[in-house]
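Student: Below is a structure I'd like to ask you about.
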Amino acid sequence: MSSSSAAAHQHHRRLGGGSGLVPLAALIKEEARTERRAGSAGGSRICARDEDAGGSGVVVEAAEEEARRQRPLLRYGCAAQSKKGEDFFLLRTDCPRPSTSASSSAASPHPTFAVFAVLDGHNGNAAAIYTRDNLLNHVLSAIPRGLSREEWLHALPRALVAGFVKTDKEFQTKGQTSGTTATFVIIDGWTITVASVGDSRCILDAQGGTVSLLTVDHRLEENIEERERVTASGGEVGRLSVVGGAEIGPLRCWPGGLCLSRSIGDIDVGEFIVPVPYVKQVKLSNAGGRLIIASDGIWDALSSEAAAKSCRGLPAELAAKQVVKEALRTRGLKDDTTCIVVDIIPPGQTIRSPSPPKKMNKLKSLIFRKKAKEPSRKLSKQHSGAGVVEEIFEEGSAMLSERLGPDLNGGHTSSSLFTCAICQVDLERSEGISVHAGSIFSSSSKPWEGPFLCADCRDKKDAMEGKRPSGVKVL
């Protein structure tokens, strides 16, 4: 989608009745403009530049120009049906990446990335609206400037954790009791980074027909580890009791009766319902793939495989509408139902090639492989031609001491020594409290090491873990 068209769609819309389909006319107009530019940079093409600090400026610029020519094209569509008016979404394809290394030429186009998000509110829509409007800025504020593209991608998982927690912390100060799920997807070139709390879901339909989950459902009914964490932090888990002592419905957390173990907001439920996201980062091969991002109105009606299968062979804008249609046909309109489909298309193609039928007994491990600790360039090249999805990062711990540190980013940190790692406020020498201080859950507690938190964020961390120990301050 062109920059002007994307700008029109990035105005965040509250869902009403009917379907919110991306206009086909806008896509056709952008397609014609792209062809006229004959390969020059387009608004819907997401930059996948490889930064290189070595060599001459001419070599660096030539490499960057080649990388720009190889970046994928994005096509997306969104459709929705509203019942409660609590689903919201975010569509942006032209976000400027602030972390640009010094090797980048001033004359080169500024590197960009795309963001797609689904926010399923409950107990009102205030938390979903606030998260839609503020989460991206909070994530970006947690990433240091001057990073190369590889360093930027490496910093994203930790920045997403900080951004989610900061969004939750700031929204709770407003005293509103609503909450929201959040499935937040960042696409930079062939690399996809997904952060999620709640039960909205993102799936990947890779070329070849293999469907993979890029999120984890934080439903108490289905997630044993989350039930154990909630009860260990002071919450109670049980079903709704009715007259006569009978228990009905799904497992809920009390007080509050929320079915989820992670969300943004929900101040009336308890701090053990945490905003710390599950994060997964993968790199697609140059064969591309399709993302389906949707609220539970879709997933309560369709399995991941059924959703992917229902829209194969359709362009993204029609695919999103088809998934919603299939969910409504299966279950009816019982909840807000929102679906975003994003096609990541190899350069030189205008539409995604349909995936062939999945073969029986095909081992998933042959398609979806974990990245080796020290991967070689040769291995990456072999995988890129075979349709393999490379897993770069995956972490779901709810403990901030494990998610914010130790620093593994080659000297770059998401916070300086006296800056809070979550809210980014500057700290006096006596104010910084290590994220590791008093952490009985951390396997390598080092209270003299950063990252550091301000007193408010430290209280937030302690409350989420069901404790409030005296912190170790940096003098």
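Here's how to read the names in the structure tokens: chain A, B, ... by the order shown, residue numbers from 1 in each chain, ligand numbers from 1 in the order shown.
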Which residues are near segment 271-279 of chain A? Cut-off 9 Å, only C-alpha atoms, ignore same chain within fewer than 4 positions. Put them as an NGL selection string.
Tutor: :A and (157-158 or 160-162 or 164-169 or 182-183 or 193-198 or 214-216 or 229-231 or 233-235 or 253 or 258 or 260-267 or 393-400 or 403 or 460-461 or 463-466)
Student: Excluding segment 131-143 of chain A and residues on its chain fewer than 5 positions from it, collect all residues at most 10 Å away from it, counting only C-alpha atoms, and give them as a count of residues only.
Tutor: 51
Student: Using only C-alpha atoms, which of A:Glu150, A:Lys334, A:Val342, A:Val269 sits nearest Thr93 of chain A?
Tutor: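 Looking at the shortest contact to Thr93 of chain A, the residue is A:Val342.
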Student: What does the structure give for the distance between atom CA of Thr191 of chain A and atom CA of Ser148 of chain A, in Å to one decimal?
Tutor: 14.5 Å
Student: Within 7 Å of Ala327 of chain A, counting only C-alpha atoms, which residues qualify if same-chain residues fewer than 3 places away don't, as a compact mmCIF listing (two decimals) with N, CA, C and O atoms, in the first residue's frame?
Tutor:
# COMPACT_ATOMS: atom_id res chain seq x y z
N ILE A 298 -12.25 -15.01 15.89
CA ILE A 298 -11.85 -15.94 14.82
C ILE A 298 -11.45 -17.28 15.41
O ILE A 298 -11.93 -18.34 14.97
N ALA A 301 -13.78 -19.96 16.65
CA ALA A 301 -14.56 -20.63 15.61
C ALA A 301 -13.72 -21.50 14.70
O ALA A 301 -14.18 -22.53 14.20
N LEU A 302 -12.44 -21.10 14.48
CA LEU A 302 -11.60 -21.80 13.52
C LEU A 302 -10.26 -22.17 14.15
O LEU A 302 -9.69 -21.39 14.92
N VAL A 323 -11.77 -15.09 5.87
CA VAL A 323 -11.58 -15.69 7.19
C VAL A 323 -12.72 -15.27 8.12
O VAL A 323 -13.27 -16.10 8.87
N VAL A 324 -13.06 -13.99 8.11
CA VAL A 324 -14.16 -13.52 8.95
C VAL A 324 -15.47 -14.20 8.53
O VAL A 324 -16.25 -14.66 9.38
N THR A 330 -19.31 -20.56 10.79
CA THR A 330 -19.11 -21.68 11.70
C THR A 330 -19.76 -21.46 13.06
O THR A 330 -20.36 -22.38 13.63
N ARG A 331 -19.67 -20.23 13.57
CA ARG A 331 -20.08 -20.00 14.96
C ARG A 331 -21.11 -18.89 15.14
O ARG A 331 -21.73 -18.77 16.19
Student: State, in Å with one decimal place, the distance from atom CA of Asn123 of chain A to atom CA of Leu333 of chain A.
Tutor: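 About the pair atom CA of Asn123 of chain A and atom CA of Leu333 of chain A: they are 18.4 Å apart.
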Student: For the strand (DSSP E) assignment from backbone DSSP, which residues of segment 81-327 of chain A qualify? Please present them as a PyMOL selection string.
Tutor: chain A and resi 81+87-96+112-122+179-180+182-188+191-197+201-206+211-213+236-241+247-254+264-265+278-283+289-294
Student: When DSSP is applied to the backbone of this structure, which of segment 231-378 of chain A are assigned alpha helix (DSSP H)? Write them out as a PyMOL selection string.
Tutor: chain A and resi 231-232+296-299+304-310+316-331+377-378
Student: Include N, CA, C and O atoms and write out the residues we just selected as a compact mmCIF listing (two decimals), in the first residue's frame.
Tutor:
# COMPACT_ATOMS: atom_id res chain seq x y z
N THR A 231 -1.29 -18.42 40.79
CA THR A 231 -1.52 -18.84 42.17
C THR A 231 -0.28 -18.61 43.03
O THR A 231 -0.39 -18.22 44.20
N ALA A 232 0.91 -18.79 42.47
CA ALA A 232 2.14 -18.53 43.22
C ALA A 232 2.31 -17.06 43.54
O ALA A 232 2.97 -16.70 44.52
N ASP A 296 -10.00 -13.31 19.25
CA ASP A 296 -10.52 -14.65 19.55
C ASP A 296 -11.88 -14.91 18.91
O ASP A 296 -12.35 -16.05 18.91
N GLY A 297 -12.51 -13.88 18.37
CA GLY A 297 -13.72 -14.12 17.60
C GLY A 297 -13.48 -15.04 16.41
O GLY A 297 -14.38 -15.77 15.98
N ILE A 298 -12.25 -15.01 15.89
CA ILE A 298 -11.85 -15.94 14.82
C ILE A 298 -11.45 -17.28 15.41
O ILE A 298 -11.93 -18.34 14.97
N TRP A 299 -10.59 -17.26 16.42
CA TRP A 299 -9.96 -18.51 16.88
C TRP A 299 -10.92 -19.37 17.70
O TRP A 299 -10.69 -20.57 17.84
N SER A 304 -6.14 -22.86 13.67
CA SER A 304 -5.15 -22.15 12.87
C SER A 304 -5.08 -22.70 11.46
O SER A 304 -5.02 -21.95 10.47
N GLU A 305 -5.11 -24.02 11.34
CA GLU A 305 -5.03 -24.65 10.02
C GLU A 305 -6.26 -24.34 9.18
O GLU A 305 -6.16 -24.09 7.98
N ALA A 306 -7.44 -24.34 9.82
CA ALA A 306 -8.67 -24.06 9.08
C ALA A 306 -8.69 -22.62 8.59
O ALA A 306 -9.15 -22.35 7.46
N ALA A 307 -8.22 -21.69 9.41
CA ALA A 307 -8.19 -20.29 9.00
C ALA A 307 -7.26 -20.10 7.81
O ALA A 307 -7.60 -19.40 6.84
N ALA A 308 -6.08 -20.71 7.88
CA ALA A 308 -5.12 -20.58 6.78
C ALA A 308 -5.66 -21.21 5.49
O ALA A 308 -5.56 -20.63 4.40
N LYS A 309 -6.25 -22.38 5.63
CA LYS A 309 -6.75 -23.10 4.46
C LYS A 309 -7.92 -22.37 3.80
O LYS A 309 -8.07 -22.38 2.57
N SER A 310 -8.74 -21.69 4.61
CA SER A 310 -9.95 -21.06 4.08
C SER A 310 -9.66 -19.92 3.11
O SER A 310 -10.53 -19.57 2.32
N ALA A 316 -4.60 -10.68 -0.21
CA ALA A 316 -4.72 -10.41 1.23
C ALA A 316 -6.02 -9.73 1.59
O ALA A 316 -6.67 -10.09 2.59
N GLU A 317 -6.45 -8.73 0.79
CA GLU A 317 -7.65 -7.98 1.16
C GLU A 317 -8.90 -8.85 1.11
O GLU A 317 -9.81 -8.70 1.91
N LEU A 318 -8.95 -9.79 0.17
CA LEU A 318 -10.08 -10.71 0.10
C LEU A 318 -9.93 -11.86 1.10
O LEU A 318 -10.92 -12.39 1.59
N ALA A 319 -8.69 -12.22 1.40
CA ALA A 319 -8.44 -13.31 2.35
C ALA A 319 -8.94 -12.94 3.74
O ALA A 319 -9.55 -13.77 4.44
N ALA A 320 -8.70 -11.70 4.17
CA ALA A 320 -9.16 -11.27 5.50
C ALA A 320 -10.67 -11.36 5.59
O ALA A 320 -11.23 -11.84 6.59
N LYS A 321 -11.35 -10.93 4.55
CA LYS A 321 -12.80 -10.99 4.53
C LYS A 321 -13.30 -12.43 4.54
O LYS A 321 -14.29 -12.76 5.21
N GLN A 322 -12.58 -13.31 3.84
CA GLN A 322 -12.99 -14.72 3.77
C GLN A 322 -12.84 -15.40 5.13
O GLN A 322 -13.69 -16.21 5.51
N VAL A 323 -11.77 -15.09 5.87
CA VAL A 323 -11.58 -15.69 7.19
C VAL A 323 -12.72 -15.27 8.12
O VAL A 323 -13.27 -16.10 8.87
N VAL A 324 -13.06 -13.99 8.11
CA VAL A 324 -14.16 -13.52 8.95
C VAL A 324 -15.47 -14.20 8.53
O VAL A 324 -16.25 -14.66 9.38
N LYS A 325 -15.69 -14.30 7.25
CA LYS A 325 -16.91 -14.94 6.74
C LYS A 325 -16.99 -16.39 7.20
O LYS A 325 -18.06 -16.88 7.60
N GLU A 326 -15.87 -17.11 7.14
CA GLU A 326 -15.85 -18.52 7.53
C GLU A 326 -16.09 -18.66 9.03
O GLU A 326 -16.79 -19.59 9.47
N ALA A 327 -15.52 -17.75 9.84
CA ALA A 327 -15.74 -17.81 11.29
C ALA A 327 -17.20 -17.56 11.63
O ALA A 327 -17.78 -18.24 12.49
N LEU A 328 -17.83 -16.60 10.96
CA LEU A 328 -19.24 -16.31 11.21
C LEU A 328 -20.12 -17.46 10.75
O LEU A 328 -21.14 -17.77 11.38
N ARG A 329 -19.75 -18.09 9.65
CA ARG A 329 -20.53 -19.23 9.16
C ARG A 329 -20.47 -20.39 10.15
O ARG A 329 -21.45 -21.12 10.35
N THR A 330 -19.31 -20.56 10.79
CA THR A 330 -19.11 -21.68 11.70
C THR A 330 -19.76 -21.46 13.06
O THR A 330 -20.36 -22.38 13.63
N ARG A 331 -19.67 -20.23 13.57
CA ARG A 331 -20.08 -20.00 14.96
C ARG A 331 -21.11 -18.89 15.14
O ARG A 331 -21.73 -18.77 16.19
N ARG A 377 26.80 -18.30 7.48
CA ARG A 377 26.16 -17.70 6.31
C ARG A 377 25.78 -18.77 5.30
O ARG A 377 24.77 -18.66 4.63
N LYS A 378 26.59 -19.82 5.23
CA LYS A 378 26.30 -20.89 4.29
C LYS A 378 24.98 -21.57 4.62
O LYS A 378 24.16 -21.84 3.76
Student: Report as a ChimeraX atom specification all protein, DNA and RNA residues lying within 6 Å of Thr338 of chain A, evaluated on only C-alpha atoms, omitting residues in the same chain fewer than 3 positions from it.
Tutor: /A:80,294-295
Student: Would you output that residue set with C-alpha atoms, as a PDB file, in the first residue's frame?
Tutor:
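Writing the result to again22.pdb gives the following:
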ATOM      1  CA  ALA A  80     -14.116  -7.073  10.952  1.00  0.00           C
ATOM      2  CA  ALA A 294      -6.925 -12.040  14.589  1.00  0.00           C
ATOM      3  CA  SER A 295      -8.947 -11.693  17.777  1.00  0.00           C
TER       4      SER A 295
END
Student: Would you work out the distance separating atom CA of Lys83 of chain A from atom CA of Thr337 of chain A, expressed in Å to one decimal?
Tutor: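 Separating atom CA of Lys83 of chain A from atom CA of Thr337 of chain A is a distance of 8.0 Å.
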